[in-house]
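Novice: My structure is stored as final-v8.cif, with mmCIF, C-alpha atoms and all ligand atoms.
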```
data_structure
loop_
_atom_site.label_atom_id
_atom_site.label_comp_id
_atom_site.auth_asym_id
_atom_site.auth_seq_id
_atom_site.Cartn_x
_atom_site.Cartn_y
_atom_site.Cartn_z
CA MET T 161 7.43 -0.88 -18.87
CA THR T 162 9.19 -4.15 -17.91
CA PRO T 163 6.94 -7.09 -16.91
CA ALA T 164 5.97 -6.94 -13.23
CA PRO T 165 8.42 -9.02 -11.18
CA GLY T 166 7.76 -10.89 -7.96
CA ILE T 167 9.63 -9.62 -4.90
CA THR T 168 11.15 -11.49 -1.99
CA LEU T 169 12.10 -9.69 1.20
CA ALA T 170 14.00 -11.90 3.63
CA GLY T 171 15.55 -10.57 6.79
CA GLU T 172 15.08 -8.84 10.10
CA ALA T 173 15.01 -5.23 11.30
CA ARG T 174 16.11 -3.46 14.45
CA ILE T 175 15.59 0.07 15.70
CA ALA T 176 18.19 1.42 18.12
CA GLY T 177 19.34 -2.15 18.73
CA GLN T 178 15.86 -3.42 19.62
CA PRO T 179 14.14 -5.92 17.31
CA LEU T 180 11.42 -4.37 15.16
CA PHE T 181 10.55 -7.54 13.32
CA ALA T 182 11.98 -11.03 13.71
CA PRO T 183 13.55 -12.83 10.73
CA LEU T 184 10.81 -13.24 8.16
CA THR T 185 10.34 -13.96 4.48
CA LEU T 186 7.72 -12.02 2.55
CA GLU T 187 6.91 -13.24 -0.94
CA VAL T 188 5.09 -10.69 -3.09
CA GLY T 189 3.66 -12.45 -6.12
CA ALA T 190 4.35 -11.19 -9.66
CA GLY T 191 1.45 -9.35 -11.25
CA VAL T 192 -1.02 -9.85 -8.39
CA TRP T 193 -2.16 -8.08 -5.21
CA THR T 194 -0.61 -9.14 -1.92
CA CYS T 195 -2.10 -7.72 1.29
CA LEU T 196 -0.29 -7.14 4.57
CA LEU T 197 -2.34 -6.83 7.75
CA GLY T 198 -1.13 -6.38 11.30
CA PRO T 199 -1.24 -4.21 14.39
CA SER T 200 0.09 -0.67 14.55
CA GLY T 201 3.83 -0.26 14.90
CA VAL T 202 4.78 -3.78 13.86
CA GLY T 203 6.80 -2.59 10.85
CA LYS T 204 4.47 -2.74 7.84
CA THR T 205 5.36 0.74 6.57
CA THR T 206 9.02 -0.04 7.20
CA ILE T 207 8.71 -3.03 4.87
CA LEU T 208 7.18 -0.88 2.12
CA ARG T 209 9.90 1.73 2.48
CA LEU T 210 12.63 -0.93 2.44
CA ILE T 211 11.24 -2.33 -0.83
CA ALA T 212 11.01 1.22 -2.22
CA GLY T 213 14.66 1.78 -1.29
CA LEU T 214 13.84 4.66 1.08
CA GLU T 215 15.26 5.61 4.47
CA THR T 216 13.39 3.88 7.33
CA GLY T 217 15.14 4.63 10.60
CA ALA T 218 15.59 0.87 11.05
CA ASP T 219 18.64 -1.32 10.52
CA PHE T 220 17.65 -4.06 8.10
CA THR T 221 19.73 -7.20 7.73
CA GLY T 222 18.73 -9.32 4.79
CA THR T 223 17.92 -9.21 1.09
CA ILE T 224 15.27 -7.74 -1.15
CA THR T 225 15.24 -9.30 -4.60
CA ALA T 226 13.15 -9.18 -7.74
CA SER T 227 12.23 -12.47 -9.46
CA ASP T 228 13.73 -11.27 -12.76
CA GLY T 229 17.09 -10.55 -11.11
CA GLN T 230 16.95 -6.89 -12.11
CA PRO T 231 17.27 -4.01 -9.64
CA LEU T 232 13.99 -2.63 -8.27
CA ALA T 233 15.20 0.98 -8.44
CA GLY T 234 13.09 3.01 -10.83
CA ARG T 235 10.38 0.34 -11.07
CA VAL T 236 8.49 1.08 -7.84
CA ALA T 237 5.72 3.58 -7.04
CA LEU T 238 4.90 4.14 -3.35
CA MET T 239 1.75 5.76 -2.05
CA ALA T 240 2.63 6.75 1.51
CA GLN T 241 0.25 6.81 4.48
CA SER T 242 0.29 10.60 4.63
CA ASP T 243 -0.68 12.13 1.31
CA LEU T 244 2.60 14.10 0.88
CA LEU T 245 0.90 16.66 -1.35
CA LEU T 246 2.72 19.91 -2.00
CA PRO T 247 0.61 22.55 -0.19
CA TRP T 248 1.34 25.29 -2.69
CA ALA T 249 0.48 23.20 -5.77
CA SER T 250 -2.95 22.56 -7.29
CA ALA T 251 -4.51 19.09 -7.37
CA LEU T 252 -3.52 18.85 -11.04
CA ASP T 253 0.09 19.86 -10.37
CA ASN T 254 0.27 17.40 -7.48
CA VAL T 255 -1.02 14.58 -9.68
CA SER T 256 1.62 15.42 -12.31
CA LEU T 257 4.44 15.78 -9.80
CA GLY T 258 6.27 12.58 -10.83
CA ALA T 259 6.72 13.76 -14.42
CA ARG T 260 7.83 17.19 -13.25
CA LEU T 261 10.42 15.73 -10.84
CA ARG T 262 11.81 13.59 -13.65
CA GLY T 263 12.03 16.63 -15.90
CA GLU T 264 9.49 15.13 -18.33
CA ARG T 265 6.69 16.99 -20.06
CA ARG T 266 3.50 16.28 -18.16
CA ASP T 267 0.54 14.74 -19.96
CA ARG T 268 -2.17 17.18 -18.85
CA ASP T 269 -5.01 15.28 -20.48
CA ARG T 270 -4.08 12.03 -18.76
CA ALA T 271 -3.71 13.80 -15.41
CA MET T 272 -7.13 15.44 -15.83
CA GLU T 273 -8.64 12.11 -16.81
CA MET T 274 -7.15 10.46 -13.73
CA LEU T 275 -8.56 13.20 -11.49
CA GLU T 276 -11.93 12.53 -13.08
CA ARG T 277 -11.57 8.77 -12.53
CA VAL T 278 -11.00 9.35 -8.81
CA GLY T 279 -14.12 11.54 -8.69
CA LEU T 280 -12.41 14.93 -8.46
CA GLU T 281 -13.55 16.48 -11.73
CA GLY T 282 -13.86 20.24 -11.33
CA LEU T 283 -11.41 20.33 -8.40
CA HIS T 284 -8.16 20.28 -10.40
CA ALA T 285 -7.26 23.91 -9.56
CA ARG T 286 -7.77 23.50 -5.79
CA LYS T 287 -4.83 23.49 -3.42
CA PRO T 288 -4.67 20.74 -0.76
CA ALA T 289 -5.81 23.06 2.06
CA ARG T 290 -9.14 23.46 0.27
CA LEU T 291 -9.69 19.72 -0.14
CA SER T 292 -11.10 17.27 2.42
CA GLY T 293 -8.89 14.49 3.81
CA GLY T 294 -10.59 11.96 1.54
CA GLN T 295 -10.19 14.23 -1.49
CA ARG T 296 -6.51 14.70 -0.72
CA GLN T 297 -6.11 10.94 -0.44
CA ARG T 298 -7.70 10.56 -3.86
CA VAL T 299 -5.26 13.12 -5.34
CA ALA T 300 -2.41 11.02 -3.91
CA LEU T 301 -4.01 7.86 -5.33
CA ALA T 302 -4.37 9.49 -8.76
CA ARG T 303 -0.69 10.49 -8.64
CA THR T 304 0.34 6.91 -7.84
CA LEU T 305 -1.91 5.39 -10.51
CA LEU T 306 -0.46 7.79 -13.08
CA GLU T 307 3.09 6.68 -12.34
CA ASP T 308 2.80 3.56 -14.51
CA ARG T 309 5.30 1.44 -12.57
CA PRO T 310 5.35 -2.39 -12.60
CA VAL T 311 5.59 -2.50 -8.78
CA VAL T 312 3.14 -0.47 -6.70
CA LEU T 313 3.27 -0.19 -2.91
CA LEU T 314 0.15 1.17 -1.23
CA ASP T 315 0.15 2.18 2.47
CA GLU T 316 -3.44 2.46 3.71
CA PRO T 317 -4.47 4.16 0.45
CA PHE T 318 -8.21 4.18 1.11
CA SER T 319 -8.27 4.80 4.87
CA ALA T 320 -9.75 8.33 4.74
CA LEU T 321 -12.60 7.45 2.38
CA ASP T 322 -16.25 6.84 3.13
CA ALA T 323 -17.44 3.26 2.59
CA ARG T 324 -18.95 3.79 -0.86
CA THR T 325 -16.01 5.80 -2.21
CA ARG T 326 -13.59 3.32 -0.67
CA SER T 327 -15.15 0.40 -2.54
CA GLU T 328 -15.17 2.42 -5.78
CA MET T 329 -11.51 3.39 -5.41
CA GLN T 330 -10.64 -0.25 -4.69
CA ASP T 331 -12.35 -1.19 -7.97
CA LEU T 332 -10.54 1.58 -9.84
CA ALA T 333 -7.13 0.68 -8.42
CA ALA T 334 -7.70 -3.02 -9.19
CA GLU T 335 -8.65 -2.13 -12.78
CA LEU T 336 -5.76 0.25 -13.41
CA LEU T 337 -3.15 -1.88 -11.65
CA ALA T 338 -4.15 -5.19 -13.25
CA GLY T 339 -1.01 -7.16 -14.05
CA ARG T 340 1.19 -5.06 -11.71
CA THR T 341 2.82 -6.38 -8.60
CA VAL T 342 0.93 -4.67 -5.79
CA LEU T 343 1.71 -4.79 -2.07
CA LEU T 344 -1.12 -3.26 -0.05
CA VAL T 345 -0.79 -2.46 3.65
CA THR T 346 -4.20 -2.19 5.24
CA HIS T 347 -5.87 -2.32 8.64
CA ASP T 348 -9.14 -3.40 7.05
CA PRO T 349 -9.77 -7.17 6.88
CA ALA T 350 -12.60 -6.62 4.36
CA GLU T 351 -10.21 -4.77 2.05
CA ALA T 352 -7.60 -7.52 2.28
CA ALA T 353 -10.23 -10.19 1.64
CA ARG T 354 -11.65 -8.29 -1.35
CA LEU T 355 -8.36 -7.50 -3.09
CA GLY T 356 -5.70 -9.93 -1.92
CA ARG T 357 -4.57 -12.84 -4.07
CA ALA T 358 -2.36 -13.51 -1.05
CA ILE T 359 -2.85 -12.26 2.52
CA HIS T 360 -0.21 -12.10 5.25
CA VAL T 361 -0.62 -11.09 8.88
CA MET T 362 2.46 -9.52 10.45
CA GLY T 363 3.18 -9.73 14.16
CA THR T 364 6.27 -9.23 16.28
CA GLY T 365 6.94 -12.95 15.93
CA GLY T 366 7.01 -12.81 12.15
CA LEU T 367 4.67 -13.33 9.27
CA GLU T 368 1.73 -15.67 8.96
CA THR T 369 0.21 -16.42 5.57
CA VAL T 370 -3.52 -16.76 5.89
CA GLU T 371 -6.18 -18.11 3.62
CA SER T 372 -7.19 -15.86 0.73
CA LEU T 373 -9.98 -16.19 -1.81
CA PRO T 374 -9.39 -17.60 -5.28
CA PRO T 375 -9.87 -15.15 -8.20
CA PRO T 376 -11.67 -13.11 -9.33
CA HIS T 377 -10.51 -10.01 -7.45
CA PRO T 378 -11.82 -7.64 -6.43
CA ARG T 379 -14.77 -9.64 -5.12
CA ALA T 380 -18.21 -8.03 -5.12
CA VAL T 381 -18.72 -6.11 -1.88
CA ASP T 382 -21.56 -8.45 -0.84
CA ASP T 383 -19.85 -11.68 -1.94
CA ALA T 384 -20.68 -14.33 0.68
CA GLU T 385 -17.17 -15.87 0.67
CA LEU T 386 -15.66 -12.40 1.08
CA LEU T 387 -17.83 -11.62 4.11
CA MET T 388 -16.94 -14.93 5.73
CA LEU T 389 -13.21 -14.40 5.15
CA GLN T 390 -13.48 -10.85 6.53
CA GLY T 391 -14.92 -12.32 9.72
CA ARG T 392 -12.21 -14.96 9.98
CA LEU T 393 -9.46 -12.39 9.43
CA LEU T 394 -10.86 -10.10 12.12
CA ALA T 395 -11.08 -13.04 14.52
CA ARG T 396 -7.43 -13.85 13.66
CA LEU T 397 -6.33 -10.27 14.44
CA ARG T 398 -8.24 -10.32 17.73
CA GLN T 399 -6.62 -13.62 18.65
CA GLN T 400 -3.18 -12.21 17.77
CA HIS T 401 -3.84 -9.27 20.08
CA ALA T 402 -5.04 -11.57 22.87
CA ASP T 403 -1.87 -13.68 22.49
CA ALA T 404 0.44 -10.61 22.50
CA PRO T 405 -1.47 -7.68 24.02
CA GLY T 406 1.55 -5.35 24.18
CA GLN T 407 1.95 -5.40 20.41
CA ASP T 408 -0.58 -2.79 19.46
CA LEU T 409 1.13 0.19 21.05
CA PRO T 410 1.00 3.60 19.39
N1 LIG T 501 12.33 7.04 11.18
C1 LIG T 501 12.13 6.31 12.28
N2 LIG T 501 12.99 6.37 13.31
C2 LIG T 501 12.82 5.64 14.41
N3 LIG T 501 11.77 4.82 14.61
C3 LIG T 501 10.87 4.72 13.65
C4 LIG T 501 10.99 5.45 12.42
N4 LIG T 501 9.94 5.13 11.64
C5 LIG T 501 9.19 4.26 12.34
N5 LIG T 501 9.74 4.00 13.54
C6 LIG T 501 9.23 3.07 14.54
O1 LIG T 501 9.24 1.80 13.92
C7 LIG T 501 8.12 1.04 14.31
C8 LIG T 501 7.43 0.50 13.09
O2 LIG T 501 6.89 1.57 12.35
P1 LIG T 501 6.03 1.31 11.04
O3 LIG T 501 5.56 2.64 10.57
O4 LIG T 501 6.80 0.48 10.09
O5 LIG T 501 4.80 0.44 11.62
P2 LIG T 501 3.41 0.05 10.96
O6 LIG T 501 3.22 -1.40 11.19
O7 LIG T 501 3.36 0.51 9.55
O8 LIG T 501 2.38 0.89 11.84
P3 LIG T 501 0.97 1.56 11.46
O9 LIG T 501 0.04 0.43 11.15
O10 LIG T 501 0.59 2.30 12.71
O11 LIG T 501 1.23 2.46 10.29
C9 LIG T 501 7.25 1.94 15.18
O12 LIG T 501 7.43 1.58 16.52
C10 LIG T 501 7.78 3.34 14.90
O13 LIG T 501 7.65 4.13 16.04
#
```
Before we go any further, please render this structure as structure tokens.
Ligand SMILES: Nc1ncnc2c1ncn2[C@@H]1O[C@H](COP(=O)(O)OP(=O)(O)OP(=O)(O)O)[C@@H](O)[C@H]1O
Specialist:
Amino acid sequence: MTPAPGITLAGEARIAGQPLFAPLTLEVGAGVWTCLLGPSGVGKTTILRLIAGLETGADFTGTITASDGQPLAGRVALMAQSDLLLPWASALDNVSLGARLRGERRDRDRAMEMLERVGLEGLHARKPARLSGGQRQRVALARTLLEDRPVVLLDEPFSALDARTRSEMQDLAAELLAGRTVLLVTHDPAEAARLGRAIHVMGTGGLETVESLPPPHPRAVDDAELLMLQGRLLARLRQQHADAPGQDLP
């Protein structure tokens, strides 16, 4: 695996001629977690898909570059908002899907170990229809963590989990993705405060970089600085909504 590069996305996007996001520059630091907060529909998922080189439905004008000057293709893992599990495949087969798609031999032991790490031991033979939403999300997380890419894009990866499991999966992801370049889209100010070496709030007017906590990350769930930052971030999001109430449309 090549060392994790930083990423710079600079540009603007339009959908059917209408602005989606104004010209902005997003710096994603090399080897650390960067968190992106913002109201629904502002273009956060679009940014992840642009960096992943996937179709978005938007017209993007600008550049996406890696700090080492190398192409990003083949170095990015994306965990999408919907779990995208194959309904006919077992949890184990879904976790190993990346290897199968690349025509590689899957490492069954590693896949089983990853399922165990996300708390799904004993459920490896189950198909998605027989898993809860939170269990399915953990299968998708295990698949992403197994991909072993230097750049990892996570779109609301913990949103379906109960509070305890969510904090445990945050710890696990932070442990397994240490040293990777991670861009996390989240609606949860506590999650951004806990994990983000850098935190950005996206609005229709562009991107605002907000205060983040110094290392270590992830912070303990009851860390006093974390709880204060969570409050400040929520207040910031409420203020953003008060300033531009039309932004948060479904
Ligand atoms: N394939 C597409 N074709 C046309 N419009 C799209 C497409 N995908 C997304 N959009 C629109 O682009 C806008 C931004 O979508 P995007 O998913 O990037 O927002 P988001 O900030 O991630 O929202 P959320 O927080 O709700 O996930 C939305 O208004 C959405 O309706």
Novice: Between T:Leu314, T:Leu244, T:Leu169, T:Ala402, which is the closest to ligand LIG 501 (chain T) once you count all atoms listed in the file?
Specialist: T:Leu314
Novice: Which chains and residue numbers are within 9 Å of ligand LIG 501 (chain T), counting only C-alpha atoms and all ligand atoms, if I want them as an mmCIF file with C-alpha atoms, in the coordinates of the input?
Specialist:
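Heads up, here's the output in result_22.cif:
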```
data_model
loop_
_atom_site.group_PDB
_atom_site.id
_atom_site.type_symbol
_atom_site.label_atom_id
_atom_site.label_comp_id
_atom_site.auth_asym_id
_atom_site.auth_seq_id
_atom_site.Cartn_x
_atom_site.Cartn_y
_atom_site.Cartn_z
ATOM 1 C CA ARG T 174 16.110 -3.460 14.450
ATOM 2 C CA ILE T 175 15.590 0.070 15.700
ATOM 3 C CA ALA T 176 18.190 1.420 18.120
ATOM 4 C CA LEU T 180 11.420 -4.370 15.160
ATOM 5 C CA PHE T 181 10.550 -7.540 13.320
ATOM 6 C CA LEU T 197 -2.340 -6.830 7.750
ATOM 7 C CA GLY T 198 -1.130 -6.380 11.300
ATOM 8 C CA PRO T 199 -1.240 -4.210 14.390
ATOM 9 C CA SER T 200 0.090 -0.670 14.550
ATOM 10 C CA GLY T 201 3.830 -0.260 14.900
ATOM 11 C CA VAL T 202 4.780 -3.780 13.860
ATOM 12 C CA GLY T 203 6.800 -2.590 10.850
ATOM 13 C CA LYS T 204 4.470 -2.740 7.840
ATOM 14 C CA THR T 205 5.360 0.740 6.570
ATOM 15 C CA THR T 206 9.020 -0.040 7.200
ATOM 16 C CA ILE T 207 8.710 -3.030 4.870
ATOM 17 C CA LEU T 208 7.180 -0.880 2.120
ATOM 18 C CA ARG T 209 9.900 1.730 2.480
ATOM 19 C CA GLU T 215 15.260 5.610 4.470
ATOM 20 C CA THR T 216 13.390 3.880 7.330
ATOM 21 C CA GLY T 217 15.140 4.630 10.600
ATOM 22 C CA ALA T 218 15.590 0.870 11.050
ATOM 23 C CA GLN T 241 0.250 6.810 4.480
ATOM 24 C CA ASP T 315 0.150 2.180 2.470
ATOM 25 C CA GLU T 316 -3.440 2.460 3.710
ATOM 26 C CA VAL T 345 -0.790 -2.460 3.650
ATOM 27 C CA THR T 346 -4.200 -2.190 5.240
ATOM 28 C CA HIS T 347 -5.870 -2.320 8.640
ATOM 29 C CA MET T 362 2.460 -9.520 10.450
ATOM 30 C CA GLY T 363 3.180 -9.730 14.160
ATOM 31 C CA ASP T 408 -0.580 -2.790 19.460
ATOM 32 C CA LEU T 409 1.130 0.190 21.050
ATOM 33 C CA PRO T 410 1.000 3.600 19.390
#
```
Novice: Pick the closest to Gly365 in chain T from T:Glu187, T:Ala404, T:Thr194, T:Leu306: which is it, counting only C-alpha atoms?
Specialist: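 Nearest candidate to Gly365 in chain T out of T:Glu187, T:Ala404, T:Thr194, T:Leu306: T:Ala404.
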Novice: Which residue, T:Ala251, T:Leu232, T:Val361, T:Ile224, has the smallest gap to Arg290 in chain T when you use all atoms listed in the file?
Specialist: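 Of T:Ala251, T:Leu232, T:Val361, T:Ile224, the one nearest Arg290 in chain T is T:Ala251, counting all atoms listed in the file.
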Novice: Can you work out the spacing between CA of Asp348 in chain T and CA of Ser242 in chain T in Å, to one decimal?
Specialist: 17.1 Å
Novice: Mind giving me the straight-line distance from CA of Asp308 in chain T to CA of Asp243 in chain T in Å, one decimal?
Specialist: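 Those two atoms sit 18.3 Å apart.
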Novice: Please, can range 362-388 of chain T be completed to N, CA and C atoms and returned as a PDB file, keeping the file's coordinate frame?
Specialist:
```
ATOM      1  N   MET T 362       1.142  -9.749   9.850  1.00  0.00           N
ATOM      2  CA  MET T 362       2.460  -9.520  10.450  1.00  0.00           C
ATOM      3  C   MET T 362       2.306  -9.288  11.941  1.00  0.00           C
ATOM      4  N   GLY T 363       3.139  -9.942  12.718  1.00  0.00           N
ATOM      5  CA  GLY T 363       3.180  -9.730  14.160  1.00  0.00           C
ATOM      6  C   GLY T 363       4.637  -9.617  14.577  1.00  0.00           C
ATOM      7  N   THR T 364       4.882  -9.367  15.858  1.00  0.00           N
ATOM      8  CA  THR T 364       6.270  -9.230  16.280  1.00  0.00           C
ATOM      9  C   THR T 364       7.028 -10.539  16.108  1.00  0.00           C
ATOM     10  N   GLY T 365       6.296 -11.651  16.096  1.00  0.00           N
ATOM     11  CA  GLY T 365       6.940 -12.950  15.930  1.00  0.00           C
ATOM     12  C   GLY T 365       7.244 -13.295  14.495  1.00  0.00           C
ATOM     13  N   GLY T 366       6.761 -12.518  13.563  1.00  0.00           N
ATOM     14  CA  GLY T 366       7.010 -12.810  12.150  1.00  0.00           C
ATOM     15  C   GLY T 366       5.746 -12.685  11.321  1.00  0.00           C
ATOM     16  N   LEU T 367       5.712 -13.477  10.278  1.00  0.00           N
ATOM     17  CA  LEU T 367       4.670 -13.330   9.270  1.00  0.00           C
ATOM     18  C   LEU T 367       3.874 -14.619   9.185  1.00  0.00           C
ATOM     19  N   GLU T 368       2.562 -14.486   9.132  1.00  0.00           N
ATOM     20  CA  GLU T 368       1.730 -15.670   8.960  1.00  0.00           C
ATOM     21  C   GLU T 368       0.933 -15.501   7.668  1.00  0.00           C
ATOM     22  N   THR T 369       1.015 -16.473   6.790  1.00  0.00           N
ATOM     23  CA  THR T 369       0.210 -16.420   5.570  1.00  0.00           C
ATOM     24  C   THR T 369      -1.144 -17.020   5.881  1.00  0.00           C
ATOM     25  N   VAL T 370      -2.179 -16.268   5.581  1.00  0.00           N
ATOM     26  CA  VAL T 370      -3.520 -16.760   5.890  1.00  0.00           C
ATOM     27  C   VAL T 370      -4.271 -17.019   4.592  1.00  0.00           C
ATOM     28  N   GLU T 371      -5.345 -17.740   4.761  1.00  0.00           N
ATOM     29  CA  GLU T 371      -6.180 -18.110   3.620  1.00  0.00           C
ATOM     30  C   GLU T 371      -6.630 -16.861   2.856  1.00  0.00           C
ATOM     31  N   SER T 372      -6.616 -16.943   1.536  1.00  0.00           N
ATOM     32  CA  SER T 372      -7.190 -15.860   0.730  1.00  0.00           C
ATOM     33  C   SER T 372      -8.196 -16.495  -0.218  1.00  0.00           C
ATOM     34  N   LEU T 373      -8.957 -15.661  -0.899  1.00  0.00           N
ATOM     35  CA  LEU T 373      -9.980 -16.190  -1.810  1.00  0.00           C
ATOM     36  C   LEU T 373      -9.360 -16.422  -3.185  1.00  0.00           C
ATOM     37  N   PRO T 374      -9.841 -17.439  -3.884  1.00  0.00           N
ATOM     38  CA  PRO T 374      -9.390 -17.600  -5.280  1.00  0.00           C
ATOM     39  C   PRO T 374      -9.947 -16.474  -6.131  1.00  0.00           C
ATOM     40  N   PRO T 375      -9.349 -16.210  -7.323  1.00  0.00           N
ATOM     41  CA  PRO T 375      -9.870 -15.150  -8.200  1.00  0.00           C
ATOM     42  C   PRO T 375     -11.345 -15.424  -8.500  1.00  0.00           C
ATOM     43  N   PRO T 376     -12.111 -14.435  -8.912  1.00  0.00           N
ATOM     44  CA  PRO T 376     -11.670 -13.110  -9.330  1.00  0.00           C
ATOM     45  C   PRO T 376     -11.539 -12.133  -8.158  1.00  0.00           C
ATOM     46  N   HIS T 377     -10.648 -11.161  -8.348  1.00  0.00           N
ATOM     47  CA  HIS T 377     -10.510 -10.010  -7.450  1.00  0.00           C
ATOM     48  C   HIS T 377     -10.639  -8.752  -8.285  1.00  0.00           C
ATOM     49  N   PRO T 378     -11.214  -7.699  -7.750  1.00  0.00           N
ATOM     50  CA  PRO T 378     -11.820  -7.640  -6.430  1.00  0.00           C
ATOM     51  C   PRO T 378     -13.157  -8.382  -6.421  1.00  0.00           C
ATOM     52  N   ARG T 379     -13.467  -9.004  -5.291  1.00  0.00           N
ATOM     53  CA  ARG T 379     -14.770  -9.640  -5.120  1.00  0.00           C
ATOM     54  C   ARG T 379     -15.857  -8.566  -4.980  1.00  0.00           C
ATOM     55  N   ALA T 380     -17.080  -8.936  -5.344  1.00  0.00           N
ATOM     56  CA  ALA T 380     -18.210  -8.030  -5.120  1.00  0.00           C
ATOM     57  C   ALA T 380     -18.299  -7.729  -3.629  1.00  0.00           C
ATOM     58  N   VAL T 381     -18.738  -6.520  -3.294  1.00  0.00           N
ATOM     59  CA  VAL T 381     -18.720  -6.110  -1.880  1.00  0.00           C
ATOM     60  C   VAL T 381     -19.637  -6.964  -1.010  1.00  0.00           C
ATOM     61  N   ASP T 382     -20.645  -7.609  -1.630  1.00  0.00           N
ATOM     62  CA  ASP T 382     -21.560  -8.450  -0.840  1.00  0.00           C
ATOM     63  C   ASP T 382     -21.343  -9.938  -1.124  1.00  0.00           C
ATOM     64  N   ASP T 383     -20.199 -10.284  -1.676  1.00  0.00           N
ATOM     65  CA  ASP T 383     -19.850 -11.680  -1.940  1.00  0.00           C
ATOM     66  C   ASP T 383     -19.827 -12.459  -0.611  1.00  0.00           C
ATOM     67  N   ALA T 384     -20.538 -13.585  -0.578  1.00  0.00           N
ATOM     68  CA  ALA T 384     -20.680 -14.330   0.680  1.00  0.00           C
ATOM     69  C   ALA T 384     -19.326 -14.851   1.176  1.00  0.00           C
ATOM     70  N   GLU T 385     -18.493 -15.357   0.259  1.00  0.00           N
ATOM     71  CA  GLU T 385     -17.170 -15.870   0.670  1.00  0.00           C
ATOM     72  C   GLU T 385     -16.307 -14.746   1.240  1.00  0.00           C
ATOM     73  N   LEU T 386     -16.424 -13.566   0.612  1.00  0.00           N
ATOM     74  CA  LEU T 386     -15.660 -12.400   1.080  1.00  0.00           C
ATOM     75  C   LEU T 386     -16.054 -12.048   2.520  1.00  0.00           C
ATOM     76  N   LEU T 387     -17.367 -12.021   2.771  1.00  0.00           N
ATOM     77  CA  LEU T 387     -17.830 -11.620   4.110  1.00  0.00           C
ATOM     78  C   LEU T 387     -17.391 -12.638   5.155  1.00  0.00           C
ATOM     79  N   MET T 388     -17.383 -13.914   4.767  1.00  0.00           N
ATOM     80  CA  MET T 388     -16.940 -14.930   5.730  1.00  0.00           C
ATOM     81  C   MET T 388     -15.447 -14.800   6.007  1.00  0.00           C
TER      82      MET T 388
END
```
